[in-house]
Each structure stands twice: as C-alpha cells, then as structure tokens.
Amino acid sequence: MLLLLAAACVVAVVLLLYMVSPLISPKPLKLPGAHVVVTGGSSGIGKCVAIECYKQGAFITLIARNESKLLQTKKEIEKYSVNDKQVVLCISVDVSKDYGHVENVLKQAQEKLGPVDMLINCAGTSVTGKFEDLEISCFERLMAVNYLGSVYSSHAVIPTMKERRMGRIVFVSSQAGQLGLFGYTAYSPTKFALRGLAEALQMEVKPYNIYVTVAYPPDTDTPGFAEEIKTKPLETKLISEATSVCQAEQVARIIVKDAIQGNFNSFMGSDGYMLSILTSGMSPVTTITEGLQQVVCMGIFRIIGLFYLGSFDSIVRRCMIQREKSESTDKTK
C-alpha cells in the first residue's frame, strides 16, 4: 500500500512538473530584425546558419578570414532576403589572433547594424592523427581557433547583452566534444573546453536573460570535413562508420531553432540524443521535461554506450594487430 502511495506521489509530481515546464522556459528570441553575428560564416555550418537566420528576417554579420569567400557567401545569402531592409555585413578577421582587433570589428558591426542579439561561434578547424604523430603546434593552433576564438567573440558582445538584458550565445562544439575518440587528441579537448565555458558562462548571464547554447553536430558534409577525411587514421575511419554524415543545412536548422528557444543542448539524431543524456552531468536544463528524460534514460543509455565503447576498443585492437603483422612481414622480406 505504501509503495502504491509513493508511486502515485511520484507520478503526481512528474505531471505537475511537466505542466509548469513551459512556464519556466526562456522566452523565444524573435529573429525578424535581429542582429546575428556568425563567426566562421564563409562556409560549412556557419554559412548555412547565416542563411537560416537570414531567411527568418535577421540582419547578418559574417566573420571569417578569407575575404573573397566572404563576399561570395554574402551574394549567396542575399538571395534569401525576405524584405528589402535586410543587410549582410562582411568582416575579414582571424578571431583567434588578437582580442583587441576582434573587439574593434564587433564594435563596428554594432554601430552599423545595432546591438548583437545572437552570436553564433562557428569558427573552427580540425586535425586528426595519433597523439605522438601530431606536432605540438597543432594542439596550440586548434586551441586558439576552436576555443579562444569563441572566447574572444563572446567576451566582446556580452557587456552590451547584459545592458540590454537579452541575448543568445551559441558555441558549436562537436560530438567529439562529448566523447573522446581515437585520432582526436588535438581536436576533442578544444571542443570539451567549450562545454565547460558554456556551463560557467550560462550561470553568470542567466539572470540577465541571456541564454547559452552548445551545439554537438556529428560528422557533417562540409569543406572542412572533406579535408579532415584525408588525414584520418584507419581506426578513426572505421569508428566513424558507426554514424551517418549529416547535411550542413539540416544541422544549421536545428542549431538556430535551439538557440531561438534558449536550449542549452543542441543535438542531432538518435545518437546525438543518447550522447546528450549520457553527458548531461551537471549541465543546465531548459525545461523540467528535459531533466526528467535525463533521469529516466541515463541507465539504459549507459548500457548501450558501453557496447559502443567495446566495439570501438575492438576496432583499435584489430587495427593494431594487423599493423604489427604487416610490419613483421615487411621485416622478414
């Protein structure tokens, strides 16, 4: 009898939390007329994110290193205009080099298009290879671009967002920022770092009605991914076969949608959902429903995750054995 009463109480609490959940969710950001800044906006996910925001009536500032690519992307984006007042501003700058320069160009952008309503940090690069085969400069470069580039841009816009008590900050991480995999010893730590930054920053800025989103896209069909494939070790390629490659347009739509809603986690597909639950830890939740899903699904997803890890370890062992056999055969010749 006591067990039934306890179960009834739990169900009642869950239903109550489910009902009040929408009441405590952030108010969605309206994109028509909003100023959206996209770093790494000349290609890949950044370019698609800019197009998606422009389609919804936003004013866009594109930031990237290659000026010719920026101008080409600007022309492509302008085809999706929904009114004749929209503007696409291009700024050529390396966000990982000099904070003072990044701060100045973002001030210029705000003088032209108004305060930044949403910053989407897409600038990033990747290098794959075994830990001992990678030059130390690779680790330094990836940390500068993938992590510090996001720090610099975010640091430059946060004060104005706080003054206005509104805003969105998006960090584009990766599923490699949730799970460390063979070949990503230089890349994964930079994407894990974004998660730590986002959690701490969200706690600071939430009272100002500013919401942070961390996006964890899987392998995505972009020019950067095409280059990455060329240097992937065999083990990494075999492990990657467990997941499908997403289209950049699809990823962009999900990121923009989650950012508008103020969701902390942005994931894609069933694998992304499972990883978001498994790695939720002490990360903030946007709704009570999200928190309940994490509590309920954690155990079973951990079991599934262990099977994945076992299969990945098996792939690495098989490749090592095959490599040793090949080296032994070469020596005997």
# chains A, B, ... in the order shown; residues from 1 in each chain; ligands from 1

call {"tool": "select_by_dssp", "arguments": {"residues": "region 67-105 of chain A", "states": "helix (DSSP H, G or I)", "output": "list of chain:residue names"}}
result
A:Glu67, A:Ser68, A:Lys69, A:Leu70, A:Leu71, A:Gln72, A:Thr73, A:Lys74, A:Lys75, A:Glu76, A:Ile77, A:Glu78, A:Tyr99, A:Gly100, A:His101, A:Val102, A:Glu103, A:Asn104, A:Val105

call {"tool": "residues_around", "arguments": {"residues": "Phe171 (chain A)", "least_positions_apart": "2", "cutoff": "9 Å", "atoms": "only C-alpha atoms", "output": "VMD selection string"}}
result
chain A and resid 119 to 122 150 169 173 194 to 195 198 212 to 216

call {"tool": "atom_distance", "arguments": {"atom1": "CA of Glu76 (chain A)", "atom2": "CA of Lys47 (chain A)"}}
result
9.4 Å

call {"tool": "residues_around", "arguments": {"residues": "His101 (chain A)", "least_positions_apart": "5", "cutoff": "12 Å", "atoms": "only C-alpha atoms", "output": "PyMOL selection string"}}
result
chain A and resi 91-96+106-108+149+152-153+156

call {"tool": "select_by_dssp", "arguments": {"residues": "region 138-249 of chain A", "states": "strand (DSSP E or B)", "output": "ChimeraX atom specification"}}
result
/A:167-172,184,210-216,220-221,246-247

call {"tool": "residues_around", "arguments": {"residues": "Gln250 (chain A)", "least_positions_apart": "5", "cutoff": "10 Å", "atoms": "only C-alpha atoms", "output": "VMD selection string"}}
result
chain A and resid 45 48 to 49 52 220 255 268

call {"tool": "write_last_selection", "arguments": {"atoms": "C-alpha atoms", "output": "PDB file, in the first residue's frame"}}
result
ATOM      1  CA  ILE A  45      27.810  25.065 -40.898  1.00  0.00           C
ATOM      2  CA  CYS A  48      24.168  27.547 -43.515  1.00  0.00           C
ATOM      3  CA  VAL A  49      23.388  29.036 -40.104  1.00  0.00           C
ATOM      4  CA  GLU A  52      18.793  30.103 -41.998  1.00  0.00           C
ATOM      5  CA  THR A 220      28.741  16.978 -41.275  1.00  0.00           C
ATOM      6  CA  ILE A 255      21.099  24.908 -34.134  1.00  0.00           C
ATOM      7  CA  MET A 268      21.079  15.912 -33.953  1.00  0.00           C
TER       8      MET A 268
END

call {"tool": "residues_around", "arguments": {"residues": "Pro26 (chain A)", "least_positions_apart": "6", "cutoff": "10 Å", "atoms": "only C-alpha atoms", "output": "PyMOL selection string"}}
result
chain A and resi 206+209-211+260-263+286-287

call {"tool": "closest_residue", "arguments": {"among": "A:Thr128, A:Met282, A:Ala34, A:Met143", "to": "Leu113 (chain A)", "atoms": "only C-alpha atoms"}}
result
A:Ala34

call {"tool": "atom_distance", "arguments": {"atom1": "CA of Leu179 (chain A)", "atom2": "CA of Met118 (chain A)"}}
result
27.4 Å

call {"tool": "residues_around", "arguments": {"residues": "Gly272 (chain A)", "least_positions_apart": "6", "cutoff": "8 Å", "atoms": "only C-alpha atoms", "output": "VMD selection string"}}
result
chain A and resid 175 216 to 218

call {"tool": "write_last_selection", "arguments": {"atoms": "N, CA and C atoms", "output": "PDB file, in the first residue's frame"}}
result
ATOM      1  N   GLN A 175      30.280  16.242 -31.538  1.00  0.00           N
ATOM      2  CA  GLN A 175      30.130  15.005 -30.772  1.00  0.00           C
ATOM      3  C   GLN A 175      31.480  14.551 -30.232  1.00  0.00           C
ATOM      4  N   TYR A 216      26.200  20.168 -30.650  1.00  0.00           N
ATOM      5  CA  TYR A 216      27.073  18.999 -30.801  1.00  0.00           C
ATOM      6  C   TYR A 216      26.779  18.283 -32.127  1.00  0.00           C
ATOM      7  N   PRO A 217      27.144  18.899 -33.251  1.00  0.00           N
ATOM      8  CA  PRO A 217      26.872  18.237 -34.530  1.00  0.00           C
ATOM      9  C   PRO A 217      27.728  16.989 -34.723  1.00  0.00           C
ATOM     10  N   PRO A 218      27.198  15.988 -35.412  1.00  0.00           N
ATOM     11  CA  PRO A 218      28.005  14.821 -35.777  1.00  0.00           C
ATOM     12  C   PRO A 218      28.847  15.153 -36.999  1.00  0.00           C
TER      13      PRO A 218
END

call {"tool": "residues_around", "arguments": {"residues": "Gln294 (chain A)", "least_positions_apart": "3", "cutoff": "12 Å", "atoms": "only C-alpha atoms", "output": "list in words"}}
result
Tyr273, Met274, Leu275, Ser276, Ile277, Leu278, Thr279, Ser280, Gly281, Met282, Ser283, Pro284, Val285, Thr287, Ile288, Thr289, Glu290, Gly291, Cys297, Met298, Gly299, Ile300, Phe301 and Arg302 of chain A

call {"tool": "write_last_selection", "arguments": {"atoms": "N, CA and C atoms", "output": "CSV table (one decimal), in the first residue's frame"}}
result
chain,number,residue,atom,x,y,z
A,273,TYR,N,21.0,12.4,-29.4
A,273,TYR,CA,20.1,12.4,-28.2
A,273,TYR,C,20.7,11.6,-27.1
A,274,MET,N,21.1,10.4,-27.4
A,274,MET,CA,21.7,9.5,-26.4
A,274,MET,C,23.0,10.1,-25.8
A,275,LEU,N,23.8,10.7,-26.6
A,275,LEU,CA,25.0,11.4,-26.1
A,275,LEU,C,24.7,12.5,-25.2
A,276,SER,N,23.6,13.3,-25.5
A,276,SER,CA,23.3,14.4,-24.7
A,276,SER,C,22.8,14.0,-23.3
A,277,ILE,N,22.1,12.9,-23.3
A,277,ILE,CA,21.7,12.3,-22.0
A,277,ILE,C,22.9,11.8,-21.2
A,278,LEU,N,23.7,11.0,-21.9
A,278,LEU,CA,24.9,10.4,-21.2
A,278,LEU,C,25.8,11.4,-20.6
A,279,THR,N,26.0,12.5,-21.3
A,279,THR,CA,27.0,13.5,-20.9
A,279,THR,C,26.3,14.7,-20.2
A,280,SER,N,25.1,14.6,-19.8
A,280,SER,CA,24.4,15.8,-19.2
A,280,SER,C,25.0,16.2,-17.9
A,281,GLY,N,25.5,15.3,-17.0
A,281,GLY,CA,26.2,15.6,-15.8
A,281,GLY,C,25.4,16.7,-15.0
A,282,MET,N,26.1,17.8,-14.8
A,282,MET,CA,25.6,18.9,-14.0
A,282,MET,C,25.3,20.1,-15.0
A,283,SER,N,25.1,19.8,-16.3
A,283,SER,CA,24.8,20.9,-17.2
A,283,SER,C,23.3,21.4,-17.0
A,284,PRO,N,23.1,22.7,-17.2
A,284,PRO,CA,21.7,23.2,-17.0
A,284,PRO,C,20.7,22.6,-18.0
A,285,VAL,N,19.5,22.6,-17.5
A,285,VAL,CA,18.4,22.2,-18.4
A,285,VAL,C,17.5,23.4,-18.7
A,287,THR,N,14.1,22.9,-19.6
A,287,THR,CA,12.8,22.6,-19.1
A,287,THR,C,12.9,21.4,-18.2
A,288,ILE,N,11.9,21.3,-17.3
A,288,ILE,CA,11.8,20.2,-16.4
A,288,ILE,C,11.7,18.9,-17.1
A,289,THR,N,11.0,18.9,-18.2
A,289,THR,CA,10.9,17.7,-19.0
A,289,THR,C,12.2,17.2,-19.5
A,290,GLU,N,13.1,18.1,-19.9
A,290,GLU,CA,14.4,17.6,-20.3
A,290,GLU,C,15.2,17.0,-19.2
A,291,GLY,N,15.1,17.5,-18.0
A,291,GLY,CA,15.7,16.9,-16.8
A,291,GLY,C,15.2,15.6,-16.5
A,297,CYS,N,16.4,8.0,-18.6
A,297,CYS,CA,17.1,7.3,-19.7
A,297,CYS,C,18.5,7.0,-19.4
A,298,MET,N,19.1,7.7,-18.4
A,298,MET,CA,20.5,7.6,-18.2
A,298,MET,C,21.0,6.1,-18.1
A,299,GLY,N,20.3,5.3,-17.3
A,299,GLY,CA,20.8,3.9,-17.1
A,299,GLY,C,20.9,3.1,-18.3
A,300,ILE,N,19.8,3.1,-19.1
A,300,ILE,CA,19.7,2.2,-20.3
A,300,ILE,C,20.7,2.7,-21.3
A,301,PHE,N,20.8,4.1,-21.4
A,301,PHE,CA,21.7,4.6,-22.4
A,301,PHE,C,23.2,4.3,-22.0
A,302,ARG,N,23.5,4.2,-20.8
A,302,ARG,CA,24.8,3.9,-20.3
A,302,ARG,C,25.2,2.4,-20.8
